[in-house]
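For reference, the structure discussed in these notes is given below.
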Amino acid sequence: KNQVEQSPQSLIILEGKNCTLQCNYTVSPFSNLRWYKQDTGRGPVSLTIMTFSENTKSNGRYTATLDADTKQSSLHITASQLSDSASYICVVSGLTGFQKLVFGTGTRLLVSP
Amino acid sequence: SQTIHQWPATLVQPVGSPLSLECTVEGTSNPNLYWYRQAAGRGLQLLFYSVGIGQISSEVPQNLSASRPQDRQFILSSKKLLLSDSGFYLCAWSRGETYEQYFGPGTRLTVT
């Protein structure tokens with residue numbers, strides 16, 4: 001069964017600190033993996049997207065890594081800001097012939113002052 | 001640039017009442033369109049997707065339906081809402097040849 005599991009479920013960090021969110025998936029075959037940021041009550045916004053040949057991609061203070069062999073990804077946030085408080089969702093796309101995505105349940109991050 | 005709109009933003013409806021949520025996309029043509037539902041504490045669930053006018057595929061059997069009367073308009077409907085239909089409904093679009101999906105602002109539906 002195609003699944004995406006994220007950890008931790010929730011995380012609280014102090015402003016200015018770094019953190020790393022984890023994503024493990026069982027989707028096969030694999031096409032790409034993306035990380036989304038979702039503010040409360042809003043639609044998800046894409047942070048990064050990586051194909052199987054890419055093992056790291058950055059977007060400002062966000063850096064995603066991908067290990068296609070172990071089927072793991074991480075999202076590292078550097079020098080966190082209050083505005084980073086949100087849910088971070090890992091999404092994996094399989095080769096289904098259509099753009100169907102398997103969503104993780106997300107990690108809820110709270111950055112406190 | 002492309003934009004995606006959804007309305008209403010919030011909706012409170014009694015059980016058994018009908019539903020109509022609308023999504024429109026601007027700035028692109030022939031997009032793939034999607035309806036997702038996000039229940040509290042759960043991941044997004046794909047409900048419907050469409051690759052063109054009048055072409056609808058359903059992922060989950062339920063009392064919801066979708067229609068695409070125009071190229072950039074996607075409508076989610078129900079004849080009779082259930083309590084379990086409560087959730088956050090998201091519309092998304094993508095270009096046919098790329099993987100990126102862009103989400104709308106969402107509609108918070110509460111069925112009472």
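Here's how to read the names in the structure tokens: chain A, B, ... by the order shown, residue numbers from 1 in each chain, ligand numbers from 1 in the order shown.
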Task: Thr70 of chain A surroundings by only C-alpha atoms, 12 Å radius, close-in-sequence under 6 positions cut, as a ChimeraX atom specification - done: /A:23-27,52,55
Open item on the list: I need the chain B residues near chain A as an MDAnalysis selection string; criterion: at most 12 Å, counting only C-alpha atoms.
Closed with: chainID B and resid 4:6 9:10 32:51 57:59 87:109
TODO: Extract, using only C-alpha atoms, all DNA, RNA and protein residues at most 10 Å from Ser80 of chain A, discarding same-chain residues fewer than 6 positions from it, and format them as a ChimeraX atom specification.
DONE: /A:13-19,61-62,110-112
Open item on the list: To test your reading of the structure, identify every residue in segment 4-85 of chain A that backbone DSSP assigns to strand (DSSP E or B), and report it as a PyMOL selection string.
Closed with: chain A and resi 4-7+10-14+19-25+30-38+45-51+56-59+62-67+72-77
Could those residues be written to a file, using N, CA and C atoms, as a short mmCIF file (atom, residue, chain, number, x, y, z; two decimals), in the first residue's frame?
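To be explicit, this is the file written out as result34.cif:
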data_model
loop_
_atom_site.label_atom_id
_atom_site.label_comp_id
_atom_site.auth_asym_id
_atom_site.auth_seq_id
_atom_site.Cartn_x
_atom_site.Cartn_y
_atom_site.Cartn_z
N VAL A 4 2.72 7.53 3.02
CA VAL A 4 3.72 8.54 3.37
C VAL A 4 3.56 8.82 4.86
N GLU A 5 4.63 8.61 5.61
CA GLU A 5 4.59 8.82 7.05
C GLU A 5 5.54 9.94 7.45
N GLN A 6 5.07 10.83 8.27
CA GLN A 6 5.89 11.96 8.68
C GLN A 6 6.10 11.96 10.20
N SER A 7 7.26 12.45 10.58
CA SER A 7 7.56 12.58 12.02
C SER A 7 8.41 13.81 12.25
N SER A 10 4.17 16.77 15.76
CA SER A 10 4.21 18.19 16.10
C SER A 10 5.55 18.52 16.74
N LEU A 11 5.88 19.80 16.67
CA LEU A 11 7.20 20.23 17.12
C LEU A 11 7.13 21.68 17.54
N ILE A 12 7.75 21.98 18.67
CA ILE A 12 7.84 23.37 19.13
C ILE A 12 9.32 23.73 19.24
N ILE A 13 9.70 24.82 18.62
CA ILE A 13 11.09 25.28 18.70
C ILE A 13 11.12 26.77 18.97
N LEU A 14 12.24 27.23 19.46
CA LEU A 14 12.41 28.65 19.72
C LEU A 14 12.83 29.37 18.44
N CYS A 19 15.57 23.19 12.71
CA CYS A 19 14.84 21.95 12.96
C CYS A 19 14.82 21.11 11.69
N THR A 20 14.57 19.82 11.87
CA THR A 20 14.50 18.89 10.75
C THR A 20 13.26 18.03 10.86
N LEU A 21 12.51 17.97 9.79
CA LEU A 21 11.30 17.16 9.73
C LEU A 21 11.57 15.95 8.85
N GLN A 22 10.96 14.82 9.20
CA GLN A 22 11.24 13.57 8.49
C GLN A 22 10.04 13.07 7.70
N CYS A 23 10.34 12.37 6.62
CA CYS A 23 9.29 11.78 5.78
C CYS A 23 9.78 10.44 5.26
N ASN A 24 9.02 9.39 5.51
CA ASN A 24 9.32 8.06 4.96
C ASN A 24 8.15 7.64 4.07
N TYR A 25 8.47 7.02 2.96
CA TYR A 25 7.40 6.67 2.04
C TYR A 25 7.57 5.26 1.51
N PHE A 30 8.36 5.36 -8.00
CA PHE A 30 8.45 6.73 -7.48
C PHE A 30 8.73 7.69 -8.61
N SER A 31 8.03 8.83 -8.58
CA SER A 31 8.25 9.86 -9.58
C SER A 31 8.93 11.08 -8.97
N ASN A 32 8.31 11.66 -7.97
CA ASN A 32 8.92 12.82 -7.32
C ASN A 32 8.36 12.99 -5.92
N LEU A 33 9.07 13.77 -5.15
CA LEU A 33 8.66 14.07 -3.78
C LEU A 33 8.67 15.56 -3.58
N ARG A 34 7.67 16.05 -2.90
CA ARG A 34 7.57 17.49 -2.69
C ARG A 34 7.21 17.79 -1.24
N TRP A 35 7.63 18.93 -0.81
CA TRP A 35 7.26 19.43 0.51
C TRP A 35 6.38 20.67 0.32
N TYR A 36 5.30 20.69 1.10
CA TYR A 36 4.39 21.83 1.08
C TYR A 36 4.34 22.45 2.48
N LYS A 37 4.10 23.74 2.52
CA LYS A 37 3.82 24.45 3.76
C LYS A 37 2.36 24.86 3.74
N GLN A 38 1.65 24.54 4.82
CA GLN A 38 0.24 24.91 4.89
C GLN A 38 -0.02 25.70 6.16
N VAL A 45 1.20 25.40 0.06
CA VAL A 45 2.07 26.11 -0.88
C VAL A 45 3.35 25.31 -1.05
N SER A 46 3.75 25.10 -2.29
CA SER A 46 4.92 24.27 -2.57
C SER A 46 6.21 24.92 -2.09
N LEU A 47 7.06 24.12 -1.44
CA LEU A 47 8.40 24.58 -1.03
C LEU A 47 9.47 24.03 -1.96
N THR A 48 9.46 22.71 -2.14
CA THR A 48 10.44 22.07 -3.01
C THR A 48 9.81 20.87 -3.70
N ILE A 49 10.40 20.51 -4.81
CA ILE A 49 10.00 19.29 -5.51
C ILE A 49 11.28 18.63 -6.02
N MET A 50 11.40 17.31 -5.78
CA MET A 50 12.62 16.60 -6.17
C MET A 50 12.26 15.32 -6.90
N THR A 51 12.99 15.06 -7.98
CA THR A 51 12.86 13.78 -8.66
C THR A 51 13.84 12.79 -8.04
N THR A 56 19.17 16.78 -3.01
CA THR A 56 18.98 17.95 -2.17
C THR A 56 18.47 19.11 -3.01
N LYS A 57 17.63 19.92 -2.37
CA LYS A 57 17.13 21.12 -3.05
C LYS A 57 16.79 22.16 -1.99
N SER A 58 17.16 23.38 -2.26
CA SER A 58 16.94 24.45 -1.29
C SER A 58 15.99 25.50 -1.81
N ASN A 59 15.30 26.12 -0.88
CA ASN A 59 14.41 27.24 -1.17
C ASN A 59 14.53 28.19 0.00
N TYR A 62 14.81 26.86 3.62
CA TYR A 62 14.33 25.47 3.59
C TYR A 62 15.24 24.63 2.69
N THR A 63 15.70 23.50 3.22
CA THR A 63 16.50 22.58 2.44
C THR A 63 15.93 21.18 2.57
N ALA A 64 15.57 20.60 1.45
CA ALA A 64 15.03 19.24 1.45
C ALA A 64 16.09 18.27 0.94
N THR A 65 16.10 17.08 1.53
CA THR A 65 16.99 16.03 1.06
C THR A 65 16.16 14.80 0.71
N LEU A 66 16.69 14.01 -0.18
CA LEU A 66 15.99 12.81 -0.61
C LEU A 66 16.98 11.66 -0.75
N ASP A 67 16.65 10.53 -0.14
CA ASP A 67 17.39 9.29 -0.33
C ASP A 67 16.42 8.29 -0.94
N GLN A 72 13.52 7.89 2.03
CA GLN A 72 13.40 8.86 3.12
C GLN A 72 13.71 10.25 2.60
N SER A 73 13.04 11.21 3.20
CA SER A 73 13.30 12.61 2.89
C SER A 73 13.27 13.41 4.18
N SER A 74 13.95 14.52 4.17
CA SER A 74 13.91 15.41 5.32
C SER A 74 13.79 16.85 4.84
N LEU A 75 13.21 17.66 5.68
CA LEU A 75 13.12 19.11 5.42
C LEU A 75 13.79 19.82 6.58
N HIS A 76 14.84 20.54 6.27
CA HIS A 76 15.59 21.26 7.28
C HIS A 76 15.26 22.75 7.19
N ILE A 77 14.88 23.31 8.32
CA ILE A 77 14.58 24.74 8.38
C ILE A 77 15.66 25.42 9.20
#
Task: Non-local contacts of segment 76-78 of chain B (6 Å; only C-alpha atoms; under 6 positions in same chain excluded) as an MDAnalysis selection string - done: chainID B and resid 18:21 64:66
Can I get the selection written as a PDB file, in the first residue's frame, with C-alpha atoms?
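File produced: result.pdb:
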ATOM      1  CA  PRO B  18     -27.464  20.508  -0.852  1.00  0.00           C
ATOM      2  CA  LEU B  19     -23.938  21.751  -1.479  1.00  0.00           C
ATOM      3  CA  SER B  20     -22.222  23.658  -4.229  1.00  0.00           C
ATOM      4  CA  LEU B  21     -18.596  24.748  -4.010  1.00  0.00           C
ATOM      5  CA  LEU B  64     -20.384  14.036  -3.589  1.00  0.00           C
ATOM      6  CA  SER B  65     -20.147  14.767  -7.296  1.00  0.00           C
ATOM      7  CA  ALA B  66     -18.109  17.113  -9.451  1.00  0.00           C
TER       8      ALA B  66
END
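In terms of minimum interatomic distance to Pro29 of chain A, A:Gly94 ranks closest within A:Gly94, A:Gly60, A:Pro113, A:Pro8, counting only C-alpha atoms.
The smallest atom-to-atom distance between Val25 of chain B and any of B:Asn63, B:Ser84, B:Thr112, B:Asp71, using only C-alpha atoms, is found for B:Asp71.
Picture a line from atom CA of Asp84 of chain A to atom CA of Thr40 of chain A; it runs 11.5 Å.
For the set B:Gln62, B:Gly52, B:Val15, B:Glu26, the residue with the smallest atom-to-atom gap to Gln2 of chain B is B:Glu26, counting only C-alpha atoms.
Going from atom CA of Gln73 of chain B to atom CA of Asp85 of chain B covers 21.7 Å.
As for atom CA of Glu54 of chain A and atom CA of Lys71 of chain A, they are spaced 12.7 Å apart.
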TODO: Point out the residue among B:Thr3, B:Ser29, B:Thr24, B:Ser67 with the least atom-to-atom distance to Gly54 of chain B, counting only C-alpha atoms.
DONE: B:Ser67
